[in-house]
Amino acid sequence: MIVTGSFAEVRSHRDGSVGLVPTMGYLHEGHLALIDAARRSHDTVVMSLFVNALQFGDAADLASYPRDTERDLGIAEQAGVDVVFAPTHDEMYEREPLTRVVLPAMTQRMEGLHRPGHFDGVAIVVAKLLAGIQPDAAYFGRKDAQQVAVVSRMTQDLSLPVAIVPVPTVREADGLALSSRNVRLGDEPRRAAREISRSLLLAAEEIEAGATDPGMIAAGVRSRLEDAPGVAAEYVEWADGADLGVPPIVRPGAFLAVAALVGGVRLIDNIHVEAGSDGVVVDRGVRIGETSMLYRREDD
Ligand code: AMP
């Protein structure tokens, strides 16, 4: 496995079709699902490992973001990654970028509203990764549903010749969506956090049973979260994946997203509505059978 901070060196190791998996490290099974999907479809898998300061509005959040490069490189190698692009901040941003990549119509709700500037940071770093690495496809987790929508639209609007491939959310055995931030949850908040996925999975049942009113379904989730001790919901909202507008009815392409603060940790989750052979089906993600590797150390 090659590890480099140079775009030119990544390009020199391109062999056949290239799948890119952008990450900020502290790898878990969610990242592994993206790597697996890329591995199945491409000759060369490139994983980027870069905690992008530009997408953090809050300096404390950036400083406390979990990092363990050595562990990540071991996991990436085992998972079959061919090239890791792990630049320093200065390698990624040789000079302060004067260019902005902004999608105002898609970033004024949900994560964009609660994390001002976040998607400007995401858009420029993803644009740089796509331009510098030139993959045939890039893999993104549906856990960050607004990010998938923004990145897909950016590549379409800029005619970038790359396929953006969404991958279902990977969950722990009790339903909690995997996130590098989960290691910051204490025992009690970790238990409380289960209510986020539970409320969404109940909404998924309602939708598959025929519920179509987005407002009523969101209200049900909101009220369950209000009743959950230790969980403070920031938003419970519907959006259409294509443009992030509010869908008037539950329909394929729409997703229901939640952000909540639990024990001082900000968590997000969502479910996606898709067309099934007989009505709509809901992508709830997939569960892993045991405790995530996030909590397991080599010496455990
Ligand atoms: P991050 O390192 O958190 O920036 O995530 C890197 C990529 O992994 C993003 O495309 C995320 O959406 C994706 N990802 C993070 N958590 C999960 C998860 N639980 N399931 C699927 N994909 C995920």
# chains A, B, ... in the order shown; residues from 1 in each chain; ligands from 1
>>> closest_atom_pairs(of="chain A", to="ligand 1", cutoff="6 Å", atoms="only C-alpha atoms and all ligand atoms", output="CSV")
residue,atom,partner,partner_atom_place_in_ligand_line,distance
A:Pro22,CA,ligand 1,6 (C),5.7
A:Thr23,CA,ligand 1,6 (C),3.7
A:Met24,CA,ligand 1,2 (O),3.7
A:Gly25,CA,ligand 1,2 (O),5.0
A:Gly30,CA,ligand 1,20 (N),3.7
A:His31,CA,ligand 1,8 (O),4.7
A:Phe140,CA,ligand 1,10 (O),3.4
A:Gly141,CA,ligand 1,12 (O),3.2
A:Arg142,CA,ligand 1,12 (O),5.6
A:Lys143,CA,ligand 1,12 (O),5.0
A:Asp144,CA,ligand 1,12 (O),4.5
A:Pro168,CA,ligand 1,21 (C),5.6
A:Thr169,CA,ligand 1,20 (N),3.5
A:Val170,CA,ligand 1,20 (N),3.8
A:Arg171,CA,ligand 1,19 (N),5.7
A:Ala177,CA,ligand 1,19 (N),4.7
A:Leu178,CA,ligand 1,19 (N),3.7
A:Ser179,CA,ligand 1,16 (N),4.8
>>> write_last_selection(atoms="N, CA and C atoms", output="compact mmCIF listing (two decimals), in the first residue's frame")
# COMPACT_ATOMS: atom_id res chain seq x y z
N PRO A 22 -13.18 9.10 0.08
CA PRO A 22 -12.71 10.21 0.93
C PRO A 22 -13.09 9.96 2.39
N THR A 23 -12.13 10.13 3.31
CA THR A 23 -12.43 9.98 4.74
C THR A 23 -11.65 11.02 5.55
N MET A 24 -12.10 11.18 6.79
CA MET A 24 -11.33 11.98 7.75
C MET A 24 -10.68 11.07 8.78
N GLY A 25 -10.62 9.77 8.48
CA GLY A 25 -9.91 8.84 9.34
C GLY A 25 -10.71 8.39 10.55
N GLY A 30 -18.31 1.71 8.81
CA GLY A 30 -18.95 2.55 7.78
C GLY A 30 -17.96 2.85 6.66
N HIS A 31 -16.75 3.24 7.05
CA HIS A 31 -15.71 3.48 6.04
C HIS A 31 -15.40 2.19 5.27
N PHE A 140 -19.47 7.70 -1.21
CA PHE A 140 -19.86 8.52 -0.06
C PHE A 140 -20.95 7.79 0.72
N GLY A 141 -20.92 7.95 2.05
CA GLY A 141 -21.91 7.28 2.89
C GLY A 141 -23.21 8.04 2.95
N ARG A 142 -24.30 7.29 2.89
CA ARG A 142 -25.63 7.90 3.00
C ARG A 142 -25.88 8.46 4.40
N LYS A 143 -25.04 8.07 5.35
CA LYS A 143 -25.20 8.62 6.69
C LYS A 143 -25.14 10.15 6.63
N ASP A 144 -24.29 10.66 5.73
CA ASP A 144 -24.20 12.11 5.53
C ASP A 144 -25.01 12.45 4.28
N PRO A 168 -25.15 2.61 1.65
CA PRO A 168 -26.06 2.62 2.82
C PRO A 168 -25.32 2.79 4.15
N THR A 169 -26.03 3.39 5.09
CA THR A 169 -25.48 3.64 6.44
C THR A 169 -25.21 2.33 7.18
N VAL A 170 -24.05 2.24 7.78
CA VAL A 170 -23.72 1.08 8.61
C VAL A 170 -24.01 1.43 10.07
N ARG A 171 -24.72 0.52 10.74
CA ARG A 171 -25.17 0.76 12.12
C ARG A 171 -24.59 -0.27 13.08
N ALA A 177 -26.09 4.71 14.25
CA ALA A 177 -25.25 4.86 13.05
C ALA A 177 -23.80 5.05 13.47
N LEU A 178 -22.91 4.30 12.85
CA LEU A 178 -21.49 4.43 13.18
C LEU A 178 -20.99 5.82 12.81
N SER A 179 -20.17 6.37 13.69
CA SER A 179 -19.56 7.67 13.46
C SER A 179 -18.27 7.71 14.26
>>> residues_around(residues="Ser199 of chain A", least_positions_apart="3", cutoff="7 Å", atoms="only C-alpha atoms", output="compact mmCIF listing (two decimals) with N, CA and C atoms, in the first residue's frame")
# COMPACT_ATOMS: atom_id res chain seq x y z
N GLU A 195 -32.13 6.12 20.81
CA GLU A 195 -33.47 6.60 20.47
C GLU A 195 -33.49 7.28 19.09
N ILE A 196 -32.34 7.80 18.65
CA ILE A 196 -32.32 8.47 17.34
C ILE A 196 -32.65 7.47 16.23
N LEU A 202 -38.82 3.42 13.33
CA LEU A 202 -40.29 3.39 13.45
C LEU A 202 -40.94 4.16 12.31
N ALA A 203 -40.34 5.31 11.96
CA ALA A 203 -40.87 6.08 10.83
C ALA A 203 -40.78 5.25 9.54
N VAL A 221 -41.40 11.48 14.90
CA VAL A 221 -39.99 11.32 15.28
C VAL A 221 -39.61 12.39 16.29
N ARG A 224 -40.98 11.62 19.76
CA ARG A 224 -40.23 10.55 20.45
C ARG A 224 -38.91 11.09 20.98
>>> closest_residue(among="A:Ala145, A:Leu32, A:Leu98, A:Val51", to="Tyr65 of chain A", atoms="only C-alpha atoms")
A:Val51
>>> closest_residue(among="A:Val273, A:Met106, A:Val262, A:Ala163", to="Glu206 of chain A", atoms="only C-alpha atoms")
A:Val273
>>> residues_around(residues="Tyr139 of chain A", least_positions_apart="4", cutoff="6 Å", atoms="only C-alpha atoms", output="list in words")
Val21, Leu34 and Val165 of chain A
>>> write_last_selection(atoms="N, CA and C atoms", output="short mmCIF file (atom, residue, chain, number, x, y, z; two decimals), in the first residue's frame")
data_model
loop_
_atom_site.label_atom_id
_atom_site.label_comp_id
_atom_site.auth_asym_id
_atom_site.auth_seq_id
_atom_site.Cartn_x
_atom_site.Cartn_y
_atom_site.Cartn_z
N VAL A 21 -12.27 6.78 -2.05
CA VAL A 21 -13.05 6.81 -0.81
C VAL A 21 -12.50 7.95 0.06
N LEU A 34 -17.59 1.52 2.39
CA LEU A 34 -17.26 2.31 1.19
C LEU A 34 -16.07 1.67 0.47
N VAL A 165 -21.12 7.60 -5.89
CA VAL A 165 -21.84 6.38 -5.52
C VAL A 165 -22.20 6.43 -4.03
#
>>> closest_residue(among="A:Ile2, A:Asn52, A:Ile268, A:Val151", to="Ala193 of chain A", atoms="only C-alpha atoms")
A:Ile268
>>> residues_around(residues="Val102 of chain A", least_positions_apart="3", cutoff="12 Å", atoms="only C-alpha atoms", output="PyMOL selection string")
chain A and resi 99+105-108+112+116-127+150-151+153-154+157-158
>>> write_last_selection(atoms="N, CA and C atoms", output="PDB file, in the first residue's frame")
ATOM      1  N   THR A  99     -10.567  30.529  -4.409  1.00  0.00           N
ATOM      2  CA  THR A  99     -11.741  30.037  -5.122  1.00  0.00           C
ATOM      3  C   THR A  99     -12.762  29.511  -4.117  1.00  0.00           C
ATOM      4  N   ALA A 105     -28.317  27.187  -2.602  1.00  0.00           N
ATOM      5  CA  ALA A 105     -29.690  26.674  -2.515  1.00  0.00           C
ATOM      6  C   ALA A 105     -29.754  25.330  -1.794  1.00  0.00           C
ATOM      7  N   MET A 106     -28.609  24.662  -1.656  1.00  0.00           N
ATOM      8  CA  MET A 106     -28.643  23.331  -1.033  1.00  0.00           C
ATOM      9  C   MET A 106     -28.040  23.313   0.364  1.00  0.00           C
ATOM     10  N   THR A 107     -27.550  24.454   0.811  1.00  0.00           N
ATOM     11  CA  THR A 107     -26.787  24.407   2.070  1.00  0.00           C
ATOM     12  C   THR A 107     -27.331  25.378   3.118  1.00  0.00           C
ATOM     13  N   GLN A 108     -28.602  25.796   2.925  1.00  0.00           N
ATOM     14  CA  GLN A 108     -29.168  26.694   3.923  1.00  0.00           C
ATOM     15  C   GLN A 108     -30.136  26.011   4.863  1.00  0.00           C
ATOM     16  N   GLY A 112     -26.316  22.514   6.874  1.00  0.00           N
ATOM     17  CA  GLY A 112     -25.809  23.804   6.393  1.00  0.00           C
ATOM     18  C   GLY A 112     -26.211  24.947   7.307  1.00  0.00           C
ATOM     19  N   PRO A 116     -22.681  26.651   9.819  1.00  0.00           N
ATOM     20  CA  PRO A 116     -22.441  27.609   8.735  1.00  0.00           C
ATOM     21  C   PRO A 116     -21.033  27.431   8.148  1.00  0.00           C
ATOM     22  N   GLY A 117     -20.948  27.423   6.824  1.00  0.00           N
ATOM     23  CA  GLY A 117     -19.641  27.293   6.168  1.00  0.00           C
ATOM     24  C   GLY A 117     -19.184  25.853   5.992  1.00  0.00           C
ATOM     25  N   HIS A 118     -19.875  24.915   6.669  1.00  0.00           N
ATOM     26  CA  HIS A 118     -19.438  23.513   6.609  1.00  0.00           C
ATOM     27  C   HIS A 118     -19.346  23.003   5.169  1.00  0.00           C
ATOM     28  N   PHE A 119     -20.411  23.225   4.395  1.00  0.00           N
ATOM     29  CA  PHE A 119     -20.428  22.656   3.037  1.00  0.00           C
ATOM     30  C   PHE A 119     -19.512  23.402   2.071  1.00  0.00           C
ATOM     31  N   ASP A 120     -19.170  24.663   2.384  1.00  0.00           N
ATOM     32  CA  ASP A 120     -18.169  25.347   1.543  1.00  0.00           C
ATOM     33  C   ASP A 120     -16.847  24.601   1.682  1.00  0.00           C
ATOM     34  N   GLY A 121     -16.531  24.195   2.922  1.00  0.00           N
ATOM     35  CA  GLY A 121     -15.307  23.427   3.176  1.00  0.00           C
ATOM     36  C   GLY A 121     -15.354  22.051   2.534  1.00  0.00           C
ATOM     37  N   VAL A 122     -16.524  21.409   2.624  1.00  0.00           N
ATOM     38  CA  VAL A 122     -16.675  20.074   2.021  1.00  0.00           C
ATOM     39  C   VAL A 122     -16.539  20.186   0.496  1.00  0.00           C
ATOM     40  N   ALA A 123     -17.237  21.162  -0.085  1.00  0.00           N
ATOM     41  CA  ALA A 123     -17.263  21.265  -1.550  1.00  0.00           C
ATOM     42  C   ALA A 123     -15.863  21.524  -2.100  1.00  0.00           C
ATOM     43  N   ILE A 124     -15.111  22.396  -1.468  1.00  0.00           N
ATOM     44  CA  ILE A 124     -13.784  22.684  -2.040  1.00  0.00           C
ATOM     45  C   ILE A 124     -12.849  21.495  -1.858  1.00  0.00           C
ATOM     46  N   VAL A 125     -12.918  20.823  -0.727  1.00  0.00           N
ATOM     47  CA  VAL A 125     -11.983  19.703  -0.555  1.00  0.00           C
ATOM     48  C   VAL A 125     -12.358  18.544  -1.483  1.00  0.00           C
ATOM     49  N   VAL A 126     -13.659  18.296  -1.663  1.00  0.00           N
ATOM     50  CA  VAL A 126     -14.051  17.205  -2.561  1.00  0.00           C
ATOM     51  C   VAL A 126     -13.699  17.577  -4.006  1.00  0.00           C
ATOM     52  N   ALA A 127     -13.910  18.847  -4.381  1.00  0.00           N
ATOM     53  CA  ALA A 127     -13.539  19.279  -5.732  1.00  0.00           C
ATOM     54  C   ALA A 127     -12.038  19.084  -5.957  1.00  0.00           C
ATOM     55  N   VAL A 150     -25.156  17.262  -2.005  1.00  0.00           N
ATOM     56  CA  VAL A 150     -24.358  18.436  -2.407  1.00  0.00           C
ATOM     57  C   VAL A 150     -23.228  18.016  -3.356  1.00  0.00           C
ATOM     58  N   VAL A 151     -22.542  16.938  -3.017  1.00  0.00           N
ATOM     59  CA  VAL A 151     -21.418  16.492  -3.847  1.00  0.00           C
ATOM     60  C   VAL A 151     -21.932  16.020  -5.216  1.00  0.00           C
ATOM     61  N   ARG A 153     -24.622  17.006  -6.788  1.00  0.00           N
ATOM     62  CA  ARG A 153     -25.045  18.156  -7.586  1.00  0.00           C
ATOM     63  C   ARG A 153     -23.849  18.963  -8.077  1.00  0.00           C
ATOM     64  N   MET A 154     -22.834  19.094  -7.213  1.00  0.00           N
ATOM     65  CA  MET A 154     -21.630  19.836  -7.614  1.00  0.00           C
ATOM     66  C   MET A 154     -20.968  19.167  -8.824  1.00  0.00           C
ATOM     67  N   ASP A 157     -23.176  19.823 -11.873  1.00  0.00           N
ATOM     68  CA  ASP A 157     -23.158  21.223 -12.309  1.00  0.00           C
ATOM     69  C   ASP A 157     -21.824  21.581 -12.962  1.00  0.00           C
ATOM     70  N   LEU A 158     -20.731  20.985 -12.464  1.00  0.00           N
ATOM     71  CA  LEU A 158     -19.400  21.308 -13.004  1.00  0.00           C
ATOM     72  C   LEU A 158     -18.975  20.327 -14.103  1.00  0.00           C
TER      73      LEU A 158
END
>>> residues_around(residues="Ser197 of chain A", least_positions_apart="6", cutoff="8 Å", atoms="only C-alpha atoms", output="ChimeraX atom specification")
/A:175-177,269-270
